[in-house]
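Raw coords00.txt, compact mmCIF, C-alpha atoms and all ligand atoms:
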```
# COMPACT_ATOMS: atom_id res chain seq x y z
CA GLY B 774 104.80 167.43 68.23
CA LEU B 775 104.57 166.56 71.89
CA PRO B 776 101.87 164.42 73.53
CA ASP B 777 98.96 166.19 75.33
CA ARG B 778 99.01 163.77 78.21
CA VAL B 779 101.60 161.61 79.95
CA THR B 780 101.20 158.74 82.41
CA ILE B 781 103.58 158.84 85.36
CA TYR B 782 104.39 155.40 86.75
CA GLU B 783 105.46 156.05 90.34
CA VAL B 784 108.22 153.76 91.66
CA GLY B 785 109.18 155.51 94.93
CA PRO B 786 107.84 152.91 97.38
CA ARG B 787 109.60 150.10 95.46
CA ASP B 788 112.62 151.37 93.50
CA GLY B 789 113.07 154.23 95.97
CA LEU B 790 112.85 152.42 99.27
CA GLN B 791 114.66 149.25 98.12
CA ASN B 792 117.87 151.25 98.11
CA GLU B 793 117.53 153.27 101.30
CA SER B 794 119.67 152.15 104.20
CA ALA B 795 117.05 153.33 106.71
CA LEU B 796 114.49 150.65 107.52
CA VAL B 797 111.08 152.24 107.05
CA PRO B 798 108.24 150.82 109.17
CA THR B 799 105.53 149.07 107.15
CA ASP B 800 102.78 151.47 108.27
CA VAL B 801 104.89 154.41 107.04
CA LYS B 802 105.28 152.68 103.66
CA ALA B 803 101.52 152.16 103.48
CA GLU B 804 100.96 155.83 104.24
CA PHE B 805 103.53 156.72 101.54
CA VAL B 806 101.61 154.69 98.92
CA ARG B 807 98.26 156.18 100.01
CA ARG B 808 99.58 159.73 99.87
CA LEU B 809 101.02 159.21 96.39
CA LEU B 810 97.70 157.82 95.15
CA ALA B 811 95.88 160.74 96.77
CA ALA B 812 98.22 163.15 94.94
CA GLY B 813 96.81 161.84 91.67
CA LEU B 814 99.55 159.43 90.63
CA PRO B 815 97.67 156.89 88.52
CA ILE B 816 100.05 153.95 89.12
CA VAL B 817 102.10 153.40 92.26
CA GLU B 818 104.40 150.37 92.31
CA ALA B 819 104.23 149.22 95.91
CA THR B 820 106.89 146.60 96.66
CA SER B 821 108.75 143.49 95.47
CA PHE B 822 108.21 139.79 96.06
CA VAL B 823 111.90 139.03 95.67
CA HIS B 824 114.06 136.99 98.02
CA PRO B 825 113.99 138.84 101.38
CA LYS B 826 117.72 138.24 101.86
CA TRP B 827 118.48 139.95 98.55
CA VAL B 828 116.41 143.05 99.37
CA PRO B 829 115.77 143.20 103.13
CA GLN B 830 114.22 146.66 102.76
CA LEU B 831 111.19 145.07 101.07
CA ALA B 832 110.99 141.90 103.17
CA ASP B 833 107.67 143.16 104.55
CA ALA B 834 105.95 142.98 101.14
CA ALA B 835 103.13 140.73 102.38
CA GLU B 836 102.45 142.88 105.44
CA LEU B 837 102.40 146.00 103.28
CA MET B 838 99.91 144.49 100.84
CA GLU B 839 97.70 143.46 103.76
CA LEU B 840 97.83 146.97 105.25
CA LEU B 841 96.94 148.51 101.89
CA GLY B 842 93.91 146.27 101.42
CA PRO B 843 91.92 146.57 98.17
CA ALA B 844 93.88 149.66 97.01
CA GLY B 845 97.08 147.60 97.10
CA ARG B 846 95.79 145.06 94.60
CA ASP B 847 95.88 147.69 91.87
CA CYS B 848 99.47 148.59 92.71
CA PRO B 849 102.02 146.71 90.60
CA VAL B 850 104.56 144.58 92.46
CA LEU B 851 107.90 143.20 91.28
CA VAL B 852 108.06 139.44 90.84
CA PRO B 853 111.21 137.66 89.59
CA ASN B 854 110.08 134.04 89.54
CA GLU B 855 107.29 131.58 90.28
CA ARG B 856 107.93 131.69 94.03
CA GLY B 857 107.46 135.46 93.94
CA LEU B 858 104.33 135.05 91.84
CA ASP B 859 102.84 132.60 94.33
CA ARG B 860 103.41 135.10 97.14
CA ALA B 861 101.87 137.93 95.13
CA LEU B 862 98.86 135.87 94.03
CA GLU B 863 98.15 134.89 97.62
CA LEU B 864 97.70 138.59 98.41
CA GLY B 865 95.47 139.30 95.44
CA ALA B 866 97.97 141.24 93.30
CA ARG B 867 96.61 142.02 89.84
CA HIS B 868 99.64 143.70 88.26
CA ILE B 869 103.14 142.30 88.35
CA ALA B 870 106.42 143.39 86.85
CA ILE B 871 109.29 141.14 85.85
CA PHE B 872 112.76 142.67 85.54
CA GLY B 873 115.34 141.42 83.09
CA SER B 874 118.86 142.61 82.39
CA ALA B 875 120.29 143.73 79.06
CA THR B 876 123.75 142.63 80.18
CA GLU B 877 125.33 139.38 81.30
CA THR B 878 127.05 140.80 84.39
CA PHE B 879 123.96 142.48 85.80
CA ALA B 880 121.84 139.38 85.14
CA GLN B 881 124.30 137.49 87.35
CA LYS B 882 124.43 140.16 90.06
CA ASN B 883 120.72 140.99 90.20
CA LEU B 884 119.10 137.65 89.40
CA ASN B 885 121.78 135.02 90.02
CA ARG B 886 121.17 133.87 86.43
CA SER B 887 122.97 134.22 83.13
CA LEU B 888 121.51 136.47 80.45
CA ASP B 889 119.96 133.42 78.79
CA GLU B 890 118.87 131.71 82.01
CA GLN B 891 116.81 134.74 83.02
CA PHE B 892 114.26 133.95 80.28
CA ALA B 893 113.79 130.42 81.60
CA MET B 894 112.94 131.95 84.99
CA PHE B 895 110.53 134.55 83.58
CA GLU B 896 108.75 132.39 80.99
CA PRO B 897 106.65 130.19 83.34
CA THR B 898 106.19 133.17 85.68
CA VAL B 899 104.59 135.29 82.97
CA ARG B 900 102.61 132.39 81.52
CA ARG B 901 101.06 131.56 84.90
CA ALA B 902 100.42 135.23 85.68
CA ARG B 903 98.63 135.73 82.35
CA ASP B 904 96.61 132.54 82.86
CA ALA B 905 95.49 133.98 86.20
CA GLY B 906 94.37 137.18 84.44
CA LEU B 907 97.19 139.40 85.68
CA ASP B 908 98.73 142.29 83.79
CA VAL B 909 102.48 141.99 83.33
CA ARG B 910 105.02 144.76 82.86
CA ALA B 911 108.58 143.94 81.84
CA TYR B 912 111.56 146.03 82.85
CA VAL B 913 114.89 145.84 81.14
CA SER B 914 117.83 147.22 83.11
CA MET B 915 121.17 148.63 81.91
CA CYS B 916 119.76 149.85 78.59
CA PHE B 917 122.39 152.58 78.12
CA GLY B 918 125.43 151.47 80.06
CA ASP B 919 126.50 148.93 82.64
CA PRO B 920 128.94 149.61 85.51
CA TRP B 921 130.97 146.47 84.72
CA GLU B 922 130.62 146.17 80.94
CA GLY B 923 130.56 149.83 79.90
CA GLY B 924 128.43 150.89 76.92
CA VAL B 925 125.64 148.51 75.96
CA PRO B 926 124.95 148.12 72.22
CA VAL B 927 121.47 149.21 71.13
CA ASP B 928 120.94 145.93 69.24
CA GLN B 929 121.61 143.92 72.39
CA VAL B 930 119.04 145.98 74.34
CA VAL B 931 116.44 145.57 71.60
CA ALA B 932 117.02 141.80 71.44
CA VAL B 933 116.64 141.32 75.20
CA GLY B 934 113.76 143.81 75.51
CA LYS B 935 111.79 142.30 72.66
CA ARG B 936 112.27 138.82 74.06
CA LEU B 937 111.03 139.89 77.50
CA PHE B 938 108.05 141.75 76.03
CA ASP B 939 107.11 138.80 73.83
CA LEU B 940 106.77 136.55 76.88
CA GLY B 941 103.39 138.28 77.32
CA ALA B 942 103.96 141.74 78.76
CA SER B 943 101.73 144.73 78.04
CA GLN B 944 104.54 147.25 78.48
CA LEU B 945 108.33 147.30 78.35
CA SER B 946 110.11 149.81 80.60
CA LEU B 947 113.59 150.76 79.38
CA GLY B 948 115.81 151.43 82.37
CA ASP B 949 118.85 153.68 82.42
CA THR B 950 119.78 152.03 85.70
CA ILE B 951 123.03 153.98 86.19
CA GLY B 952 121.93 157.22 84.54
CA VAL B 953 124.63 157.37 81.84
CA GLY B 954 122.22 157.83 78.92
CA THR B 955 122.08 161.04 76.90
CA ALA B 956 119.37 162.46 74.65
CA GLY B 957 120.72 161.28 71.29
CA HIS B 958 121.15 157.75 72.64
CA VAL B 959 117.53 157.79 73.86
CA THR B 960 116.26 158.71 70.41
CA ALA B 961 118.40 156.03 68.77
CA LEU B 962 117.20 153.35 71.20
CA VAL B 963 113.51 154.17 70.76
CA GLN B 964 113.94 154.21 66.98
CA ALA B 965 115.64 150.81 67.11
CA PHE B 966 112.70 149.37 69.07
CA GLY B 967 110.38 150.90 66.48
CA ALA B 968 112.34 149.26 63.66
CA ALA B 969 111.97 145.95 65.54
CA GLY B 970 108.19 146.34 65.42
CA MET B 971 107.40 147.84 68.82
CA ALA B 972 104.98 150.74 69.10
CA THR B 973 105.75 153.75 71.30
CA ASP B 974 102.66 153.04 73.42
CA GLN B 975 104.20 149.67 74.37
CA LEU B 976 107.29 151.41 75.76
CA ALA B 977 107.98 153.32 78.97
CA MET B 978 111.18 155.13 79.93
CA HIS B 979 112.88 154.74 83.30
CA PHE B 980 115.57 157.36 83.80
CA HIS B 981 118.02 157.93 86.61
CA ASP B 982 119.50 161.36 87.28
CA THR B 983 123.05 160.26 88.16
CA TYR B 984 124.58 162.55 85.52
CA GLY B 985 121.80 165.16 85.64
CA GLN B 986 120.44 164.03 82.26
CA ALA B 987 117.08 162.56 83.27
CA LEU B 988 114.93 165.52 82.16
CA ALA B 989 116.87 166.06 78.93
CA ASN B 990 116.42 162.37 78.20
CA THR B 991 112.71 162.63 78.99
CA TYR B 992 112.40 165.57 76.63
CA ALA B 993 114.06 163.54 73.86
CA ALA B 994 111.74 160.60 74.53
CA LEU B 995 108.65 162.87 74.49
CA HIS B 996 109.61 163.84 70.95
CA THR B 997 109.68 160.16 69.93
CA GLY B 998 106.05 159.85 71.10
CA ILE B 999 106.56 157.90 74.34
CA THR B 1000 103.86 158.72 76.90
CA THR B 1001 104.73 156.66 80.00
CA TYR B 1002 107.56 157.73 82.33
CA ASP B 1003 108.72 156.09 85.52
CA ALA B 1004 109.62 158.44 88.36
CA SER B 1005 110.26 158.28 92.09
CA ALA B 1006 108.84 160.79 94.57
CA GLY B 1007 111.63 162.98 95.90
CA GLY B 1008 114.14 161.19 93.63
CA LEU B 1009 114.46 158.31 96.09
CA GLY B 1010 116.39 155.22 95.27
CA GLY B 1011 118.68 153.47 92.89
CA CYS B 1012 119.40 149.79 92.77
CA PRO B 1013 121.08 147.74 95.50
CA TYR B 1014 122.89 145.51 92.97
CA ALA B 1015 124.25 148.36 90.81
CA LYS B 1016 126.61 150.42 92.93
CA SER B 1017 126.82 153.46 90.69
CA ALA B 1018 123.04 153.83 90.45
CA THR B 1019 121.84 156.89 92.34
CA GLY B 1020 118.42 158.41 92.39
CA ASN B 1021 115.64 157.82 89.95
CA LEU B 1022 114.22 160.83 88.15
CA ALA B 1023 112.24 162.73 90.81
CA THR B 1024 108.48 162.75 90.21
CA GLU B 1025 108.42 166.43 91.12
CA ASP B 1026 111.09 167.34 88.53
CA LEU B 1027 109.12 165.47 85.88
CA VAL B 1028 105.77 167.04 86.79
CA TRP B 1029 107.33 170.52 86.84
CA MET B 1030 108.75 170.13 83.33
CA LEU B 1031 105.58 168.56 81.91
CA ARG B 1032 103.44 171.29 83.46
CA GLY B 1033 105.62 173.89 81.76
CA LEU B 1034 105.11 172.10 78.46
CA GLY B 1035 101.32 172.09 78.94
CA ILE B 1036 101.27 168.27 79.17
CA GLU B 1037 98.57 166.86 81.47
CA THR B 1038 99.49 164.35 84.19
CA GLY B 1039 96.61 164.65 86.66
CA VAL B 1040 99.17 164.95 89.47
CA ASP B 1041 99.00 167.58 92.22
CA LEU B 1042 102.63 168.74 92.40
CA GLN B 1043 102.46 170.31 95.86
CA GLN B 1044 100.94 167.16 97.34
CA VAL B 1045 103.83 165.10 95.99
CA VAL B 1046 106.34 167.62 97.35
CA ASP B 1047 104.70 167.54 100.79
CA THR B 1048 104.79 163.72 100.70
CA SER B 1049 108.49 163.66 99.80
CA VAL B 1050 109.33 166.13 102.57
CA TRP B 1051 107.39 163.97 105.02
CA MET B 1052 109.21 160.82 103.79
CA ALA B 1053 112.59 162.60 103.97
CA GLY B 1054 111.85 163.10 107.67
CA HIS B 1055 111.48 159.34 108.09
CA LEU B 1056 114.65 158.62 106.10
CA GLY B 1057 116.70 161.24 107.89
CA ARG B 1058 118.04 162.87 104.73
CA PRO B 1059 116.73 165.64 102.47
CA SER B 1060 115.40 164.96 98.97
CA PRO B 1061 118.01 165.46 96.22
CA SER B 1062 115.33 167.01 93.97
CA ALA B 1063 115.78 170.69 93.13
CA VAL B 1064 112.03 171.07 92.62
CA VAL B 1065 111.31 169.62 96.08
CA ARG B 1066 113.80 172.07 97.59
CA ALA B 1067 112.31 175.01 95.70
CA LEU B 1068 108.73 174.21 96.67
CA SER B 1069 109.23 173.33 100.33
P1 LIG B 1101 118.36 132.44 93.92
O1 LIG B 1101 119.14 132.40 95.17
O2 LIG B 1101 119.04 132.02 92.64
O3 LIG B 1101 116.99 131.66 94.10
O4 LIG B 1101 117.83 133.93 93.74
P2 LIG B 1101 116.65 130.13 93.87
O5 LIG B 1101 115.60 130.07 92.81
O6 LIG B 1101 117.89 129.32 93.72
O7 LIG B 1101 115.97 129.74 95.28
C1 LIG B 1101 116.73 129.72 96.49
C2 LIG B 1101 115.81 129.85 97.68
O8 LIG B 1101 115.20 131.13 97.69
C3 LIG B 1101 114.67 128.84 97.72
O9 LIG B 1101 114.42 128.54 99.09
C4 LIG B 1101 113.51 129.61 97.19
O10 LIG B 1101 112.26 129.18 97.65
C5 LIG B 1101 113.79 131.01 97.73
P3 LIG B 1101 114.85 127.14 99.71
O11 LIG B 1101 114.12 126.11 98.89
O12 LIG B 1101 116.33 127.08 99.54
O13 LIG B 1101 114.40 127.24 101.14
N1 LIG B 1101 113.19 132.03 96.86
C6 LIG B 1101 112.35 132.99 97.23
N2 LIG B 1101 111.84 133.34 98.43
C7 LIG B 1101 110.98 134.39 98.46
N3 LIG B 1101 110.62 135.09 97.36
C8 LIG B 1101 111.11 134.78 96.16
C9 LIG B 1101 112.02 133.70 96.07
N4 LIG B 1101 112.68 133.15 95.03
C10 LIG B 1101 113.39 132.14 95.52
N5 LIG B 1101 110.74 135.48 95.08
C11 LIG B 1101 116.28 135.53 92.88
C12 LIG B 1101 117.12 134.31 92.58
C13 LIG B 1101 115.73 136.04 91.57
C14 LIG B 1101 115.13 135.10 93.81
C15 LIG B 1101 117.15 136.59 93.59
O14 LIG B 1101 118.25 136.83 92.79
C16 LIG B 1101 116.42 137.89 93.86
O15 LIG B 1101 115.54 137.96 94.70
N6 LIG B 1101 116.79 138.96 93.12
C17 LIG B 1101 116.10 140.25 93.20
C18 LIG B 1101 117.08 141.39 93.29
C19 LIG B 1101 116.32 142.71 93.26
O16 LIG B 1101 115.19 142.80 93.69
N7 LIG B 1101 116.96 143.74 92.70
C20 LIG B 1101 116.38 145.02 92.58
C21 LIG B 1101 115.26 145.12 91.56
S1 LIG B 1101 115.75 145.32 89.86
C22 LIG B 1101 116.02 146.96 89.65
O17 LIG B 1101 116.15 147.61 90.64
C23 LIG B 1101 116.03 147.57 88.28
C24 LIG B 1101 114.74 148.33 87.97
O18 LIG B 1101 114.39 149.15 89.09
C25 LIG B 1101 114.92 149.21 86.73
C26 LIG B 1101 116.03 150.23 86.82
O19 LIG B 1101 116.14 150.95 87.85
O20 LIG B 1101 116.74 150.35 85.83
C27 LIG B 1101 113.59 147.39 87.74
MG MG B 1102 115.27 152.76 88.94
```

Translate this file's structure into structure tokens.
Ligand code: HMG
Ligand code: MG
Amino acid sequence: GLPDRVTIYEVGPRDGLQNESALVPTDVKAEFVRRLLAAGLPIVEATSFVHPKWVPQLADAAELMELLGPAGRDCPVLVPNERGLDRALELGARHIAIFGSATETFAQKNLNRSLDEQFAMFEPTVRRARDAGLDVRAYVSMCFGDPWEGGVPVDQVVAVGKRLFDLGASQLSLGDTIGVGTAGHVTALVQAFGAAGMATDQLAMHFHDTYGQALANTYAALHTGITTYDASAGGLGGCPYAKSATGNLATEDLVWMLRGLGIETGVDLQQVVDTSVWMAGHLGRPSPSAVVRALS
């Protein structure tokens, strides 16, 4: 059967805005985060403490955290290394996310490290974060395909994902960074993680809608028992170091489907739509989400 309740992990302010060419003022970002929280999204990833030259869109991470105040400390932030952790700790962050790659090429392009070297960067970062009482999420990118390497073997994804999780994460988010995954592949990947000893409540799915498969993939994952799904308000974003990555699964599309299935999310759909329409005004382009279009 299907779960009664699903947790939506909102990534719009981070994964969404990191890939927009428009520079969004920090106070607009803060308002975006506040509106998403007010719409009932239980987790809103706010920003990244990565190198500002690598992702200039999020160079204002410290200012944003200061503007958000206490509410911001419960918002997860991306941290690639100890320098990023130091910056996040200084601002009182309590939830961080590391982000590994399932492939060699993307590890080089996104982290300036080899596949193996990435673990040496994450290991002390996670250890120090855990010692400081922080919660750590681990992302793994390119779980279904990679723009340079093509198809990525399930065993390779499980090996990298398990290794990242075992550093001390509480959740592993499986990213279809370029949106090439299909439903049968999703089922096979989740089953392979299960065979490697991971429980479905330790996994989250992170789909992109590049090929229009994000909801079908979500539906397949729901049947495997997974109850956490990443989504981005209005379908914003992609990844600046993966050219063929277009929008993340839109939060509105996800909520619409789950509502139809009678699955609780606690999210007010219209409030998210209104927020995405407002943000689209700041970005100067309409949301690619069909649900946003239909409800606005
Ligand atoms: P590097 O150049 O190898 O860094 O970059 P380094 O360790 O050699 O350090 C070089 C200099 O950068 C040093 O300064 C460091 O202090 C500084 P110097 O001593 O020369 O003056 N530095 C930093 N400054 C600020 N904040 C930091 C930081 N780290 C080093 N955190 C690095 C390595 C990992 C930093 C770089 O490659 C980077 O920032 N990469 C991040 C790229 C990124 O954010 N990509 C997008 C997110 S991943 C994603 O989108 C996928 C996901 O969404 C899932 C999906 O969609 O599938 C999660
Ligand atoms: Mg993404």

How would you write, as a PyMOL selection string, the set of residues no farther than 7 Å from ligand LIG 1101 (chain B) when counting all atoms listed in the file?
chain B and resi 788+821-825+827-828+852-854+856-857+872+883-886+912-915+948-950+979+1011-1014

Just C-alpha atoms for this one: save the residues we selected as a PDB file, in the coordinates of the input.
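Ended up saving to out06.pdb:
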```pdb
ATOM      1  CA  ASP B 788     112.620 151.370  93.500  1.00  0.00           C
ATOM      2  CA  SER B 821     108.750 143.490  95.470  1.00  0.00           C
ATOM      3  CA  PHE B 822     108.210 139.790  96.060  1.00  0.00           C
ATOM      4  CA  VAL B 823     111.900 139.030  95.670  1.00  0.00           C
ATOM      5  CA  HIS B 824     114.060 136.990  98.020  1.00  0.00           C
ATOM      6  CA  PRO B 825     113.990 138.840 101.380  1.00  0.00           C
ATOM      7  CA  TRP B 827     118.480 139.950  98.550  1.00  0.00           C
ATOM      8  CA  VAL B 828     116.410 143.050  99.370  1.00  0.00           C
ATOM      9  CA  VAL B 852     108.060 139.440  90.840  1.00  0.00           C
ATOM     10  CA  PRO B 853     111.210 137.660  89.590  1.00  0.00           C
ATOM     11  CA  ASN B 854     110.080 134.040  89.540  1.00  0.00           C
ATOM     12  CA  ARG B 856     107.930 131.690  94.030  1.00  0.00           C
ATOM     13  CA  GLY B 857     107.460 135.460  93.940  1.00  0.00           C
ATOM     14  CA  PHE B 872     112.760 142.670  85.540  1.00  0.00           C
ATOM     15  CA  ASN B 883     120.720 140.990  90.200  1.00  0.00           C
ATOM     16  CA  LEU B 884     119.100 137.650  89.400  1.00  0.00           C
ATOM     17  CA  ASN B 885     121.780 135.020  90.020  1.00  0.00           C
ATOM     18  CA  ARG B 886     121.170 133.870  86.430  1.00  0.00           C
ATOM     19  CA  TYR B 912     111.560 146.030  82.850  1.00  0.00           C
ATOM     20  CA  VAL B 913     114.890 145.840  81.140  1.00  0.00           C
ATOM     21  CA  SER B 914     117.830 147.220  83.110  1.00  0.00           C
ATOM     22  CA  MET B 915     121.170 148.630  81.910  1.00  0.00           C
ATOM     23  CA  GLY B 948     115.810 151.430  82.370  1.00  0.00           C
ATOM     24  CA  ASP B 949     118.850 153.680  82.420  1.00  0.00           C
ATOM     25  CA  THR B 950     119.780 152.030  85.700  1.00  0.00           C
ATOM     26  CA  HIS B 979     112.880 154.740  83.300  1.00  0.00           C
ATOM     27  CA  GLY B1011     118.680 153.470  92.890  1.00  0.00           C
ATOM     28  CA  CYS B1012     119.400 149.790  92.770  1.00  0.00           C
ATOM     29  CA  PRO B1013     121.080 147.740  95.500  1.00  0.00           C
ATOM     30  CA  TYR B1014     122.890 145.510  92.970  1.00  0.00           C
TER      31      TYR B1014
END
```

Pick out the residues no farther than 12 Å from ligand MG 1102 (chain B), counting only C-alpha atoms and all ligand atoms, and list them as a PyMOL selection string.
chain B and resi 782-792+818+872+912-916+946-952+978-983+987+1002-1006+1008-1015+1017-1023

Between CA of Gln1044 in chain B and CA of Arg807 in chain B, measure the distance and give it in Å to one decimal.
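It comes out at 11.6 Å.
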
Which is closest to Leu937 in chain B among B:Ala870, B:Ala994, B:Leu840, B:Leu1042, if we use all atoms listed in the file?
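Answer, going by the shortest atom-to-atom distance: B:Ala870.
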
Name the residues within 10 Å of (110.8, 159.0, 109.8), counting only C-alpha atoms in the file's coordinates, and put them as a list in words.
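Final list of nearby residues, as requested, is Ala795, Leu796, Val797, Pro798, Val801, Trp1051, Met1052, Ala1053, Gly1054, His1055, Leu1056, Gly1057 and Arg1058 of chain B.
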
Could you please take those selected residues and save C-alpha atoms as a PDB file, in the frame of the given file?
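Result file again-v4.pdb:
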```pdb
ATOM      1  CA  ALA B 795     117.050 153.330 106.710  1.00  0.00           C
ATOM      2  CA  LEU B 796     114.490 150.650 107.520  1.00  0.00           C
ATOM      3  CA  VAL B 797     111.080 152.240 107.050  1.00  0.00           C
ATOM      4  CA  PRO B 798     108.240 150.820 109.170  1.00  0.00           C
ATOM      5  CA  VAL B 801     104.890 154.410 107.040  1.00  0.00           C
ATOM      6  CA  TRP B1051     107.390 163.970 105.020  1.00  0.00           C
ATOM      7  CA  MET B1052     109.210 160.820 103.790  1.00  0.00           C
ATOM      8  CA  ALA B1053     112.590 162.600 103.970  1.00  0.00           C
ATOM      9  CA  GLY B1054     111.850 163.100 107.670  1.00  0.00           C
ATOM     10  CA  HIS B1055     111.480 159.340 108.090  1.00  0.00           C
ATOM     11  CA  LEU B1056     114.650 158.620 106.100  1.00  0.00           C
ATOM     12  CA  GLY B1057     116.700 161.240 107.890  1.00  0.00           C
ATOM     13  CA  ARG B1058     118.040 162.870 104.730  1.00  0.00           C
TER      14      ARG B1058
END
```

Top pick for closest residue to Leu858 in chain B, considering B:Val963, B:Ala905, B:Leu841, B:Val1050 and counting only C-alpha atoms
B:Ala905

Pick from B:Arg903, B:Arg808, B:Met971, B:Leu995: nearest to Ile1036 in chain B, with all atoms listed in the file counted?
B:Leu995

Best match for closeness to Gly941 in chain B among B:Tyr984, B:Trp1029, B:Phe879, B:Phe895, counting all atoms listed in the file:
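For Gly941 in chain B, the nearest of the given residues is B:Phe895.
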
Reconstructed range 897-917 of chain B, atom set N, CA and C atoms, as a tab-separated table (two decimals), in the frame of the given file:
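Result file is rebuild_25.tsv:
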```tsv
chain	number	residue	atom	x	y	z
B	897	PRO	N	107.81	130.79	82.64
B	897	PRO	CA	106.65	130.19	83.34
B	897	PRO	C	105.97	131.19	84.29
B	898	THR	N	106.74	132.16	84.77
B	898	THR	CA	106.19	133.17	85.68
B	898	THR	C	105.15	134.00	84.94
B	899	VAL	N	105.52	134.47	83.75
B	899	VAL	CA	104.59	135.29	82.97
B	899	VAL	C	103.41	134.45	82.47
B	900	ARG	N	103.70	133.24	82.04
B	900	ARG	CA	102.61	132.39	81.52
B	900	ARG	C	101.56	132.16	82.61
B	901	ARG	N	102.01	131.81	83.81
B	901	ARG	CA	101.06	131.56	84.90
B	901	ARG	C	100.34	132.83	85.32
B	902	ALA	N	101.05	133.96	85.31
B	902	ALA	CA	100.42	135.23	85.68
B	902	ALA	C	99.32	135.58	84.67
B	903	ARG	N	99.62	135.42	83.39
B	903	ARG	CA	98.63	135.73	82.35
B	903	ARG	C	97.43	134.78	82.45
B	904	ASP	N	97.71	133.51	82.71
B	904	ASP	CA	96.61	132.54	82.86
B	904	ASP	C	95.71	132.93	84.02
B	905	ALA	N	96.28	133.56	85.04
B	905	ALA	CA	95.49	133.98	86.20
B	905	ALA	C	94.85	135.36	85.97
B	906	GLY	N	95.02	135.91	84.78
B	906	GLY	CA	94.37	137.18	84.44
B	906	GLY	C	95.14	138.42	84.87
B	907	LEU	N	96.41	138.24	85.22
B	907	LEU	CA	97.19	139.40	85.68
B	907	LEU	C	97.78	140.18	84.49
B	908	ASP	N	98.01	141.45	84.74
B	908	ASP	CA	98.73	142.29	83.79
B	908	ASP	C	100.22	142.23	84.14
B	909	VAL	N	101.04	142.13	83.11
B	909	VAL	CA	102.48	141.99	83.33
B	909	VAL	C	103.24	143.13	82.65
B	910	ARG	N	104.09	143.78	83.43
B	910	ARG	CA	105.02	144.76	82.86
B	910	ARG	C	106.40	144.10	82.84
B	911	ALA	N	107.21	144.45	81.87
B	911	ALA	CA	108.58	143.94	81.84
B	911	ALA	C	109.54	145.12	81.87
B	912	TYR	N	110.47	145.05	82.80
B	912	TYR	CA	111.56	146.03	82.85
B	912	TYR	C	112.78	145.43	82.17
B	913	VAL	N	113.55	146.28	81.53
B	913	VAL	CA	114.89	145.84	81.14
B	913	VAL	C	115.88	146.86	81.69
B	914	SER	N	116.85	146.36	82.44
B	914	SER	CA	117.83	147.22	83.11
B	914	SER	C	119.09	147.36	82.27
B	915	MET	N	119.87	148.38	82.56
B	915	MET	CA	121.17	148.63	81.91
B	915	MET	C	121.03	148.85	80.40
B	916	CYS	N	120.03	149.63	80.01
B	916	CYS	CA	119.76	149.85	78.59
B	916	CYS	C	120.75	150.82	77.93
B	917	PHE	N	121.49	151.58	78.72
B	917	PHE	CA	122.39	152.58	78.12
B	917	PHE	C	123.85	152.31	78.46
```
